[in-house]
>>> print(open('protein_26.cif').read())   # mmCIF, C-alpha atoms
data_query
#
loop_
_atom_site.label_atom_id
_atom_site.label_comp_id
_atom_site.auth_asym_id
_atom_site.auth_seq_id
_atom_site.Cartn_x
_atom_site.Cartn_y
_atom_site.Cartn_z
CA MET A 1 0.00 0.00 0.00
CA LYS A 2 1.14 3.52 -0.77
CA THR A 3 1.82 5.90 2.10
CA ALA A 4 -0.30 8.63 3.61
CA SER A 5 2.08 11.16 2.07
CA ASP A 6 1.24 9.80 -1.37
CA THR A 7 -2.45 10.37 -0.70
CA SER A 8 -1.70 13.88 0.56
CA TRP A 9 0.26 14.54 -2.63
CA ILE A 10 -2.72 13.46 -4.75
CA VAL A 11 -5.04 15.78 -2.81
CA GLU A 12 -2.60 18.67 -3.21
CA GLN A 13 -2.29 18.11 -6.97
CA ALA A 14 -6.07 17.91 -7.34
CA LYS A 15 -6.55 21.23 -5.55
CA ALA A 16 -3.76 22.83 -7.56
CA GLY A 17 -5.61 21.68 -10.69
CA GLY A 18 -8.79 23.51 -9.70
CA PHE A 19 -10.68 20.98 -7.60
CA ALA A 20 -12.19 22.26 -4.37
CA LEU A 21 -11.77 18.95 -2.54
CA CYS A 22 -10.27 15.54 -3.11
CA GLY A 23 -10.18 12.30 -1.16
CA VAL A 24 -9.38 8.61 -1.56
CA ALA A 25 -11.63 5.69 -0.67
CA ARG A 26 -11.12 1.95 -0.83
CA ALA A 27 -12.94 0.26 -3.71
CA GLU A 28 -15.25 -1.60 -1.39
CA LYS A 29 -18.83 -2.71 -1.69
CA PHE A 30 -20.18 -0.16 0.78
CA PRO A 31 -23.69 -0.75 2.17
CA GLU A 32 -24.99 2.50 0.62
CA LEU A 33 -24.35 1.08 -2.85
CA ALA A 34 -27.27 -1.32 -2.51
CA HIS A 35 -30.38 0.22 -4.02
CA GLU A 36 -32.40 -2.74 -5.27
CA ASP A 37 -35.36 -1.89 -3.04
CA TRP A 38 -35.44 1.70 -4.31
CA LEU A 39 -35.44 0.47 -7.89
CA ALA A 40 -38.04 -2.21 -7.18
CA LYS A 41 -40.42 0.49 -6.00
CA GLY A 42 -40.08 2.19 -9.36
CA TYR A 43 -38.48 5.36 -8.00
CA GLY A 44 -35.94 5.38 -10.84
CA GLY A 45 -38.56 5.99 -13.50
CA GLN A 46 -37.21 5.69 -17.04
CA MET A 47 -33.57 5.83 -15.91
CA ASN A 48 -32.89 2.19 -16.74
CA TYR A 49 -29.13 2.68 -16.48
CA LEU A 50 -29.57 2.83 -12.69
CA ALA A 51 -30.30 -0.91 -12.76
CA ASP A 52 -26.77 -1.64 -14.00
CA LEU A 53 -25.51 -4.27 -11.53
CA ARG A 54 -22.03 -2.77 -11.62
CA ARG A 55 -23.34 0.23 -9.66
CA SER A 56 -23.55 -1.92 -6.52
CA ASP A 57 -20.10 -3.53 -6.83
CA PRO A 58 -17.08 -1.43 -7.85
CA GLN A 59 -14.97 -4.54 -8.41
CA SER A 60 -17.17 -5.40 -11.38
CA VAL A 61 -16.38 -2.09 -13.04
CA MET A 62 -12.62 -2.50 -13.41
CA PRO A 63 -10.38 -5.57 -12.98
CA ASP A 64 -8.02 -5.42 -9.98
CA LEU A 65 -9.54 -2.15 -8.79
CA ARG A 66 -8.05 -1.03 -5.47
CA SER A 67 -8.79 2.65 -4.92
CA VAL A 68 -11.23 5.39 -5.89
CA ILE A 69 -9.98 8.97 -6.04
CA VAL A 70 -12.92 11.37 -5.68
CA CYS A 71 -12.65 14.97 -6.85
CA VAL A 72 -15.03 17.85 -6.15
CA LEU A 73 -15.43 20.69 -8.67
CA ASN A 74 -17.32 23.79 -7.54
CA TYR A 75 -19.76 25.26 -10.10
CA ASN A 76 -21.46 27.92 -7.99
CA THR A 77 -21.70 31.46 -9.37
CA ASP A 78 -22.56 34.82 -7.84
CA GLN A 79 -26.00 35.02 -9.53
CA PRO A 80 -29.13 34.96 -7.33
CA LEU A 81 -30.81 31.72 -6.31
CA SER A 82 -33.87 30.45 -8.15
CA ALA A 83 -36.35 31.29 -5.40
CA GLU A 84 -35.14 34.89 -5.28
CA VAL A 85 -35.47 35.31 -9.05
CA MET A 86 -38.94 33.76 -9.16
CA ARG A 87 -40.19 36.04 -6.38
CA HIS A 88 -39.46 39.01 -8.62
CA ALA A 89 -41.10 37.74 -11.80
CA ASP A 90 -41.19 40.20 -14.70
CA SER A 91 -44.80 41.08 -15.57
CA GLN A 92 -43.77 42.16 -19.07
CA GLU A 93 -41.56 39.25 -20.05
CA PRO A 94 -41.96 35.61 -18.93
CA HIS A 95 -38.75 33.86 -17.94
CA GLY A 96 -37.82 30.25 -17.28
CA TRP A 97 -35.22 28.70 -15.01
CA LEU A 98 -32.28 26.48 -15.88
CA SER A 99 -30.41 24.81 -13.05
CA ARG A 100 -27.29 26.83 -12.30
CA TYR A 101 -24.99 23.92 -13.20
CA ALA A 102 -26.27 24.13 -16.80
CA TRP A 103 -25.62 27.82 -17.48
CA GLY A 104 -22.20 27.35 -19.02
CA SER A 105 -20.10 24.63 -20.61
CA ASP A 106 -20.87 20.95 -20.34
CA TYR A 107 -19.51 19.91 -16.95
CA HIS A 108 -18.73 16.43 -18.25
CA GLU A 109 -16.06 17.95 -20.49
CA VAL A 110 -14.71 20.47 -17.96
CA LEU A 111 -14.57 17.85 -15.20
CA GLY A 112 -13.18 15.21 -17.55
CA LYS A 113 -10.24 17.37 -18.64
CA LYS A 114 -9.26 18.06 -15.05
CA LEU A 115 -9.47 14.37 -14.18
CA GLU A 116 -7.29 13.54 -17.19
CA ALA A 117 -4.67 16.04 -16.03
CA LEU A 118 -4.61 14.51 -12.55
CA SER A 119 -4.38 11.01 -14.01
CA ARG A 120 -1.32 12.03 -16.04
CA GLN A 121 0.31 13.33 -12.85
CA LEU A 122 -0.33 9.98 -11.17
CA HIS A 123 1.46 8.15 -13.97
CA GLU A 124 4.38 10.57 -13.72
CA ARG A 125 4.78 10.07 -9.96
CA PHE A 126 4.25 6.33 -9.65
CA THR A 127 6.61 4.36 -11.86
CA GLU A 128 5.15 0.86 -11.48
CA SER A 129 2.60 -0.50 -13.91
CA PHE A 130 -0.97 0.42 -12.94
CA GLN A 131 -4.24 1.38 -14.58
CA THR A 132 -6.64 4.27 -14.22
CA ARG A 133 -10.15 4.85 -15.47
CA LEU A 134 -11.93 8.21 -15.30
CA TYR A 135 -15.62 8.93 -14.86
CA ALA A 136 -17.00 12.46 -15.03
CA ASP A 137 -20.53 11.48 -14.03
CA THR A 138 -20.37 9.12 -17.00
CA GLY A 139 -20.08 5.59 -15.63
CA PRO A 140 -21.64 2.97 -13.33
CA ILE A 141 -20.21 4.53 -10.18
CA GLN A 142 -22.20 6.09 -7.34
CA GLU A 143 -19.79 8.94 -6.78
CA ARG A 144 -21.51 10.38 -3.72
CA VAL A 145 -21.08 7.09 -1.80
CA PHE A 146 -17.35 6.98 -2.45
CA ALA A 147 -17.13 10.70 -1.68
CA LYS A 148 -18.72 10.02 1.69
CA HIS A 149 -16.21 7.26 2.43
CA ALA A 150 -13.38 9.49 1.24
CA GLY A 151 -14.32 11.91 4.02
CA LEU A 152 -15.69 14.64 1.74
CA GLY A 153 -19.10 15.02 3.38
CA TRP A 154 -22.33 13.28 4.24
CA ILE A 155 -25.36 12.32 2.17
CA GLY A 156 -28.09 14.75 3.13
CA LYS A 157 -31.84 14.49 3.38
CA ASN A 158 -32.09 15.79 -0.18
CA THR A 159 -29.98 12.72 -1.23
CA LEU A 160 -27.05 14.92 -2.32
CA LEU A 161 -23.56 14.97 -0.86
CA LEU A 162 -23.18 17.91 1.54
CA ASN A 163 -19.98 19.43 2.80
CA GLN A 164 -20.02 21.82 5.74
CA GLU A 165 -17.48 24.15 4.12
CA ILE A 166 -18.71 24.38 0.52
CA GLY A 167 -22.33 23.13 0.60
CA SER A 168 -23.45 21.11 -2.43
CA PHE A 169 -23.09 23.24 -5.58
CA PHE A 170 -20.41 20.99 -6.99
CA PHE A 171 -19.74 18.11 -9.37
CA LEU A 172 -18.19 14.80 -8.41
CA GLY A 173 -15.69 13.00 -10.61
CA VAL A 174 -13.69 9.85 -9.91
CA ILE A 175 -10.46 8.17 -10.93
CA LEU A 176 -10.56 4.42 -10.48
CA THR A 177 -7.14 2.89 -10.13
CA THR A 178 -5.35 -0.37 -9.47
CA LEU A 179 -2.93 1.56 -7.23
CA ASP A 180 -3.25 0.48 -3.61
CA LEU A 181 -3.60 3.91 -2.07
CA GLN A 182 -3.89 4.84 1.59
CA PRO A 183 -7.55 5.93 2.06
CA SER A 184 -8.22 9.43 3.36
CA LEU A 185 -10.15 7.96 6.28
CA THR A 186 -8.16 5.48 8.32
CA GLY A 187 -9.17 3.55 11.40
CA ALA A 188 -8.53 6.60 13.56
CA THR A 189 -10.68 8.89 11.39
CA SER A 190 -14.45 8.54 11.28
CA LEU A 191 -16.90 9.44 8.56
CA ALA A 192 -18.20 13.00 8.46
CA PRO A 193 -21.21 13.25 10.78
CA ASP A 194 -24.66 13.83 9.35
CA ARG A 195 -25.17 17.54 10.02
CA CYS A 196 -28.70 17.80 8.65
CA GLY A 197 -30.01 17.44 12.19
CA THR A 198 -33.72 18.22 12.50
CA CYS A 199 -33.74 20.47 9.44
CA GLN A 200 -36.23 19.48 6.75
CA ARG A 201 -36.19 22.58 4.57
CA CYS A 202 -35.43 20.61 1.41
CA ILE A 203 -38.35 18.25 2.02
CA GLU A 204 -40.75 21.08 2.85
CA ALA A 205 -39.68 23.13 -0.18
CA CYS A 206 -39.91 20.38 -2.81
CA PRO A 207 -42.94 21.45 -4.89
CA THR A 208 -43.67 18.01 -6.34
CA ASP A 209 -43.12 16.00 -3.13
CA ALA A 210 -40.31 14.07 -4.81
CA LEU A 211 -38.52 14.22 -1.45
CA PHE A 212 -41.33 12.51 0.41
CA GLU A 213 -39.22 11.47 3.39
CA PRO A 214 -35.67 12.15 4.60
CA TYR A 215 -32.96 10.63 2.41
CA VAL A 216 -35.43 9.15 -0.09
CA MET A 217 -36.38 10.64 -3.45
CA ASP A 218 -38.99 9.44 -5.89
CA ALA A 219 -37.17 10.54 -9.04
CA ARG A 220 -40.37 10.21 -11.08
CA LYS A 221 -41.62 13.37 -9.36
CA CYS A 222 -38.34 15.28 -9.33
CA ILE A 223 -38.36 18.37 -11.56
CA SER A 224 -34.85 17.56 -12.75
CA TYR A 225 -36.04 14.14 -13.89
CA LEU A 226 -39.20 15.54 -15.47
CA THR A 227 -37.38 18.21 -17.46
CA ILE A 228 -34.31 16.19 -18.46
CA GLU A 229 -34.69 12.43 -18.26
CA LEU A 230 -38.38 11.91 -19.00
CA ARG A 231 -39.27 11.24 -22.60
CA GLY A 232 -42.84 11.93 -23.61
CA GLY A 233 -45.40 14.11 -21.92
CA ILE A 234 -45.10 15.38 -18.36
CA PRO A 235 -47.83 13.94 -16.09
CA GLU A 236 -50.57 16.55 -15.82
CA GLU A 237 -50.68 16.51 -12.02
CA LEU A 238 -47.03 17.58 -11.91
CA ARG A 239 -47.20 20.41 -14.43
CA ARG A 240 -48.32 23.19 -12.11
CA PRO A 241 -45.84 22.26 -9.34
CA MET A 242 -43.04 22.48 -11.93
CA GLY A 243 -43.40 26.25 -11.97
CA THR A 244 -41.16 27.91 -14.55
CA HIS A 245 -38.38 25.32 -14.58
CA VAL A 246 -37.26 24.41 -18.07
CA TYR A 247 -34.12 22.42 -17.25
CA GLY A 248 -33.33 20.93 -13.87
CA CYS A 249 -34.15 22.31 -10.44
CA ASP A 250 -32.13 23.92 -7.64
CA ILE A 251 -34.81 24.27 -4.97
CA CYS A 252 -33.59 21.62 -2.52
CA GLN A 253 -30.09 23.12 -2.73
CA ASP A 254 -31.20 26.74 -2.63
CA VAL A 255 -32.99 26.26 0.68
CA CYS A 256 -30.22 24.18 2.27
CA PRO A 257 -28.53 26.13 5.09
CA TRP A 258 -25.19 24.63 4.14
CA ASN A 259 -25.34 26.49 0.83
CA SER A 260 -25.94 29.88 2.43
CA LYS A 261 -22.22 30.61 2.29
CA SER A 262 -21.27 28.37 -0.61
CA PRO A 263 -18.10 29.78 -2.24
CA VAL A 264 -18.19 31.08 -5.80
CA SER A 265 -16.28 29.22 -8.49
CA GLY A 266 -13.70 31.19 -10.44
CA LEU A 267 -14.18 29.06 -13.56
CA GLU A 268 -15.47 31.04 -16.53
CA GLU A 269 -16.82 27.82 -18.05
CA PHE A 270 -19.69 27.80 -15.53
CA ARG A 271 -20.81 31.39 -15.97
CA PRO A 272 -24.10 31.88 -17.90
CA ARG A 273 -23.89 31.82 -21.66
CA THR A 274 -25.18 34.93 -23.41
CA PHE A 275 -26.50 35.35 -26.93
CA SER A 276 -26.97 38.46 -29.04
CA ASP A 277 -30.49 39.56 -29.91
CA SER A 278 -30.85 42.92 -31.60
CA GLU A 279 -34.57 43.12 -30.88
CA ARG A 280 -34.54 42.43 -27.15
CA GLY A 281 -31.03 43.26 -26.06
CA GLY A 282 -29.74 39.72 -25.79
CA ASN A 283 -30.53 36.40 -24.17
CA SER A 284 -28.88 34.56 -21.32
CA LEU A 285 -29.13 31.07 -19.85
CA PHE A 286 -29.57 32.76 -16.50
CA SER A 287 -33.36 33.09 -16.26
CA PRO A 288 -33.84 32.89 -20.06
CA ARG A 289 -36.78 34.52 -21.83
CA LEU A 290 -39.45 31.93 -22.54
CA GLU A 291 -40.41 33.59 -25.81
CA TRP A 292 -36.86 33.04 -27.04
CA LEU A 293 -36.93 29.37 -26.07
CA LEU A 294 -40.41 28.73 -27.46
CA ASN A 295 -39.47 30.17 -30.85
CA MET A 296 -36.20 28.27 -31.06
CA SER A 297 -35.86 25.92 -34.04
CA GLU A 298 -34.09 22.57 -33.84
CA THR A 299 -31.14 24.04 -35.71
CA GLU A 300 -30.98 27.00 -33.35
CA PHE A 301 -31.19 24.63 -30.37
CA ARG A 302 -28.20 22.64 -31.59
CA GLU A 303 -26.22 25.83 -32.14
CA ALA A 304 -27.14 27.47 -28.83
CA PHE A 305 -26.49 24.37 -26.71
CA ARG A 306 -23.45 22.92 -28.43
CA GLY A 307 -21.05 21.93 -25.66
CA SER A 308 -23.79 22.45 -23.05
CA PRO A 309 -25.43 19.92 -20.70
CA VAL A 310 -28.81 21.23 -21.87
CA LYS A 311 -28.48 19.25 -25.09
CA ARG A 312 -29.39 16.16 -23.05
CA THR A 313 -33.04 17.14 -22.92
CA LYS A 314 -33.09 17.53 -26.72
CA TRP A 315 -35.01 20.20 -28.62
CA ARG A 316 -38.36 18.49 -28.17
CA GLY A 317 -37.90 18.25 -24.40
CA LEU A 318 -36.87 21.88 -24.04
CA ILE A 319 -39.88 23.13 -26.02
CA ARG A 320 -42.16 20.87 -23.97
CA ASN A 321 -40.71 22.25 -20.75
CA ALA A 322 -40.92 25.85 -21.96
CA CYS A 323 -44.62 25.37 -22.78
CA ILE A 324 -45.33 24.18 -19.23
CA ALA A 325 -43.31 27.07 -17.81
CA ALA A 326 -45.27 29.48 -20.02
CA GLY A 327 -48.57 28.20 -18.68
CA ASN A 328 -47.33 28.65 -15.14
CA SER A 329 -46.01 32.14 -15.89
CA ALA A 330 -49.39 33.46 -16.94
CA ILE A 331 -50.51 34.41 -13.44
CA SER A 332 -47.82 37.10 -13.12
CA LEU A 333 -47.97 38.64 -16.61
CA ASN A 334 -49.70 41.77 -17.85
CA ASP A 335 -52.20 41.58 -20.72
CA GLU A 336 -49.74 42.53 -23.46
CA ALA A 337 -47.25 39.87 -22.39
CA LEU A 338 -50.05 37.32 -22.20
CA ARG A 339 -51.25 38.09 -25.72
CA ARG A 340 -47.74 37.73 -27.10
CA LEU A 341 -47.19 34.48 -25.19
CA ALA A 342 -50.53 33.06 -26.31
CA ALA A 343 -49.71 33.80 -29.94
CA THR A 344 -46.49 31.79 -29.67
CA LEU A 345 -48.20 28.93 -27.88
CA GLN A 346 -50.94 28.82 -30.51
CA LYS A 347 -48.34 28.12 -33.19
CA LEU A 348 -46.94 25.23 -31.14
CA ALA A 349 -50.46 23.94 -30.49
CA ASN A 350 -50.71 23.28 -34.23
CA PHE A 351 -47.40 21.39 -34.28
CA ASP A 352 -47.39 17.81 -35.55
CA ASP A 353 -45.46 16.49 -32.53
CA SER A 354 -48.06 15.22 -30.04
CA VAL A 355 -45.96 15.99 -26.93
CA ILE A 356 -45.29 19.58 -27.94
CA ARG A 357 -48.87 20.07 -29.11
CA ASP A 358 -50.31 18.74 -25.85
CA SER A 359 -47.98 20.86 -23.75
CA ALA A 360 -48.83 24.01 -25.70
CA LEU A 361 -52.57 23.33 -25.45
CA TRP A 362 -52.22 22.81 -21.69
CA ALA A 363 -50.44 26.15 -21.38
CA LEU A 364 -53.15 27.90 -23.39
CA SER A 365 -55.85 26.33 -21.23
CA ARG A 366 -53.98 27.54 -18.15
CA ILE A 367 -54.04 31.09 -19.50
CA GLN A 368 -57.77 30.83 -20.18
CA GLU A 369 -58.35 29.33 -16.74
CA LEU A 370 -56.81 32.38 -15.16
CA GLY A 371 -59.49 34.46 -16.82
CA ARG A 372 -57.14 36.74 -18.71
CA LYS A 373 -57.70 38.25 -22.15
CA ALA A 374 -54.86 36.69 -24.07
CA GLN A 375 -56.03 36.27 -27.65
CA PRO A 376 -53.39 35.64 -30.32
CA LEU A 377 -52.43 38.74 -32.23
#
>>> encode(input="protein_26.cif", output="structure tokens")
Amino acid sequence: MKTASDTSWIVEQAKAGGFALCGVARAEKFPELAHEDWLAKGYGGQMNYLADLRRSDPQSVMPDLRSVIVCVLNYNTDQPLSAEVMRHADSQEPHGWLSRYAWGSDYHEVLGKKLEALSRQLHERFTESFQTRLYADTGPIQERVFAKHAGLGWIGKNTLLLNQEIGSFFFLGVILTTLDLQPSLTGATSLAPDRCGTCQRCIEACPTDALFEPYVMDARKCISYLTIELRGGIPEELRRPMGTHVYGCDICQDVCPWNSKSPVSGLEEFRPRTFSDSERGGNSLFSPRLEWLLNMSETEFREAFRGSPVKRTKWRGLIRNACIAAGNSAISLNDEALRRLAATLQKLANFDDSVIRDSALWALSRIQELGRKAQPL
């Protein structure tokens, strides 16, 4: 086994390379990796990849695996939280919300490059023959479990890894290796305590009741799942609770006390993308204009979200989500904004895609339900 100083060197190199935290865990079959009961209850929805048996046994992922190096990359920015933005809705222009991790470049690529750099440093330091494999949220590894056992935090009631110093606005990446590394937590060092205490703000704030009890999420109701992973139409009973979210959700993190002083990342890659628009003074992925999204063609979608995590939802999914957000925006808009929004939705209501058509018709019915005069121009 390598020495504790070797592990300290790895942590130092990771931080020098831009990671906020780093730790090493043994490649063991930790109890938290078992999730058959959760899957059996259907909580995974359409995410069939979660049933991959390798996710419960790291030894099945890579031959002769010994150690898991876990790296934490902060993506927080200095922009306001979602709840604050939504409280000050613009009555003249409806806006949607993209999760703050999706405002800039695709984190898989940013995280992957940093992991590759650290892996090269490992091969320069250790001269014996060994293997490494990198996963930037891209493989059958439950990163948060190994992060917990690497001493980087605890798994909170919102099911995310929490760290008392930096909160939870971060990505987790791992380097699997056949190197026999000294783990960050030894026999004399215990796991980070669960500091959620009696707090249940994340559970109380979840608008769809996806967090129906501490430490358990029904992903089928999670706004992130609904706006990103779900293919097809969004269940009607969950449309209103979705609010104006068009990609992902930050609510359970926004309300978490441990994020109240979350540090800001200095990486430009995670700052909101902006786009020129001569008519309206530009567009941004921070609280984007719904009219811009609703009028976006497939070609424009591919161009705008090239190298962005938002491409995962695909054009059809983003338009579907924007329609639902538009219907939920109606209550705060003035008559002129409503008329303009209704005109855009009417075009989508005549679309030949059944999911988009149904979502647009639902939004139009929502406008009518609110008793506003919003006839297409």
>>> atom_distance(input="protein_26.cif", atom1="atom CA of Val72 of chain A", atom2="atom CA of Gly173 of chain A")
6.6 Å
>>> closest_residue(input="protein_26.cif", among="A:Glu36, A:His123, A:Phe305, A:Cys249", to="Phe275 of chain A", atoms="all atoms listed in the file")
A:Phe305
>>> resolve_selection(input="protein_26.cif", expression="the PyMOL selection byres ((chain A and resi 251-263) around 8)", output="PDB file with C-alpha atoms, in the frame of the given file")
ATOM      1  CA  ASN A  76     -21.460  27.920  -7.990  1.00  0.00           C
ATOM      2  CA  LEU A  81     -30.810  31.720  -6.310  1.00  0.00           C
ATOM      3  CA  SER A  82     -33.870  30.450  -8.150  1.00  0.00           C
ATOM      4  CA  ALA A  83     -36.350  31.290  -5.400  1.00  0.00           C
ATOM      5  CA  ASN A 158     -32.090  15.790  -0.180  1.00  0.00           C
ATOM      6  CA  LEU A 162     -23.180  17.910   1.540  1.00  0.00           C
ATOM      7  CA  ASN A 163     -19.980  19.430   2.800  1.00  0.00           C
ATOM      8  CA  GLN A 164     -20.020  21.820   5.740  1.00  0.00           C
ATOM      9  CA  GLU A 165     -17.480  24.150   4.120  1.00  0.00           C
ATOM     10  CA  ILE A 166     -18.710  24.380   0.520  1.00  0.00           C
ATOM     11  CA  GLY A 167     -22.330  23.130   0.600  1.00  0.00           C
ATOM     12  CA  SER A 168     -23.450  21.110  -2.430  1.00  0.00           C
ATOM     13  CA  PHE A 169     -23.090  23.240  -5.580  1.00  0.00           C
ATOM     14  CA  ARG A 201     -36.190  22.580   4.570  1.00  0.00           C
ATOM     15  CA  CYS A 202     -35.430  20.610   1.410  1.00  0.00           C
ATOM     16  CA  ILE A 203     -38.350  18.250   2.020  1.00  0.00           C
ATOM     17  CA  ALA A 205     -39.680  23.130  -0.180  1.00  0.00           C
ATOM     18  CA  CYS A 206     -39.910  20.380  -2.810  1.00  0.00           C
ATOM     19  CA  CYS A 249     -34.150  22.310 -10.440  1.00  0.00           C
ATOM     20  CA  ASP A 250     -32.130  23.920  -7.640  1.00  0.00           C
ATOM     21  CA  VAL A 264     -18.190  31.080  -5.800  1.00  0.00           C
ATOM     22  CA  SER A 265     -16.280  29.220  -8.490  1.00  0.00           C
TER      23      SER A 265
END
>>> residues_around(input="protein_26.cif", residues="Met86 of chain A", least_positions_apart="4", cutoff="9 Å", atoms="all atoms listed in the file", output="list in words")
Leu81, Ser82, Asp90, His95, Gly96, Trp97 and Thr244 of chain A
>>> closest_residue(input="protein_26.cif", among="A:Gly151, A:Arg366, A:Leu115, A:Leu179", to="Thr127 of chain A", atoms="all atoms listed in the file")
A:Leu179
>>> residues_around(input="protein_26.cif", residues="Asp52 of chain A", least_positions_apart="2", cutoff="12 Å", atoms="all atoms listed in the file", output="PyMOL selection string")
chain A and resi 33-36+39+44+47-50+54-58+60-61+139-142
>>> closest_atom_pairs(input="protein_26.cif", of="segment 52-101 of chain A", to="segment 307-315 of chain A", cutoff="10 Å", atoms="only C-alpha atoms", output="Markdown table")
| residue | atom | partner | partner_atom | distance |
| --- | --- | --- | --- | --- |
| A:Leu98 | CA | A:Val310 | CA | 8.7 |
| A:Ser99 | CA | A:Val310 | CA | 9.7 |
| A:Tyr101 | CA | A:Pro309 | CA | 8.5 |
>>> decode(input="protein_26.cif", residues="segment 329-358 of chain A", atoms="C-alpha atoms", output="PDB file, in the first residue's frame")
ATOM      1  CA  SER A 329     -46.006  32.145 -15.895  1.00  0.00           C
ATOM      2  CA  ALA A 330     -49.391  33.464 -16.943  1.00  0.00           C
ATOM      3  CA  ILE A 331     -50.506  34.411 -13.444  1.00  0.00           C
ATOM      4  CA  SER A 332     -47.823  37.104 -13.117  1.00  0.00           C
ATOM      5  CA  LEU A 333     -47.969  38.637 -16.608  1.00  0.00           C
ATOM      6  CA  ASN A 334     -49.698  41.774 -17.851  1.00  0.00           C
ATOM      7  CA  ASP A 335     -52.199  41.580 -20.717  1.00  0.00           C
ATOM      8  CA  GLU A 336     -49.745  42.534 -23.459  1.00  0.00           C
ATOM      9  CA  ALA A 337     -47.246  39.875 -22.389  1.00  0.00           C
ATOM     10  CA  LEU A 338     -50.053  37.323 -22.196  1.00  0.00           C
ATOM     11  CA  ARG A 339     -51.251  38.095 -25.718  1.00  0.00           C
ATOM     12  CA  ARG A 340     -47.738  37.725 -27.104  1.00  0.00           C
ATOM     13  CA  LEU A 341     -47.190  34.480 -25.192  1.00  0.00           C
ATOM     14  CA  ALA A 342     -50.531  33.060 -26.311  1.00  0.00           C
ATOM     15  CA  ALA A 343     -49.707  33.797 -29.944  1.00  0.00           C
ATOM     16  CA  THR A 344     -46.486  31.795 -29.666  1.00  0.00           C
ATOM     17  CA  LEU A 345     -48.202  28.926 -27.884  1.00  0.00           C
ATOM     18  CA  GLN A 346     -50.941  28.818 -30.507  1.00  0.00           C
ATOM     19  CA  LYS A 347     -48.336  28.115 -33.186  1.00  0.00           C
ATOM     20  CA  LEU A 348     -46.938  25.230 -31.138  1.00  0.00           C
ATOM     21  CA  ALA A 349     -50.463  23.936 -30.487  1.00  0.00           C
ATOM     22  CA  ASN A 350     -50.706  23.278 -34.232  1.00  0.00           C
ATOM     23  CA  PHE A 351     -47.398  21.392 -34.280  1.00  0.00           C
ATOM     24  CA  ASP A 352     -47.393  17.808 -35.550  1.00  0.00           C
ATOM     25  CA  ASP A 353     -45.463  16.488 -32.531  1.00  0.00           C
ATOM     26  CA  SER A 354     -48.062  15.222 -30.037  1.00  0.00           C
ATOM     27  CA  VAL A 355     -45.963  15.987 -26.926  1.00  0.00           C
ATOM     28  CA  ILE A 356     -45.289  19.585 -27.944  1.00  0.00           C
ATOM     29  CA  ARG A 357     -48.872  20.071 -29.108  1.00  0.00           C
ATOM     30  CA  ASP A 358     -50.313  18.737 -25.850  1.00  0.00           C
TER      31      ASP A 358
END
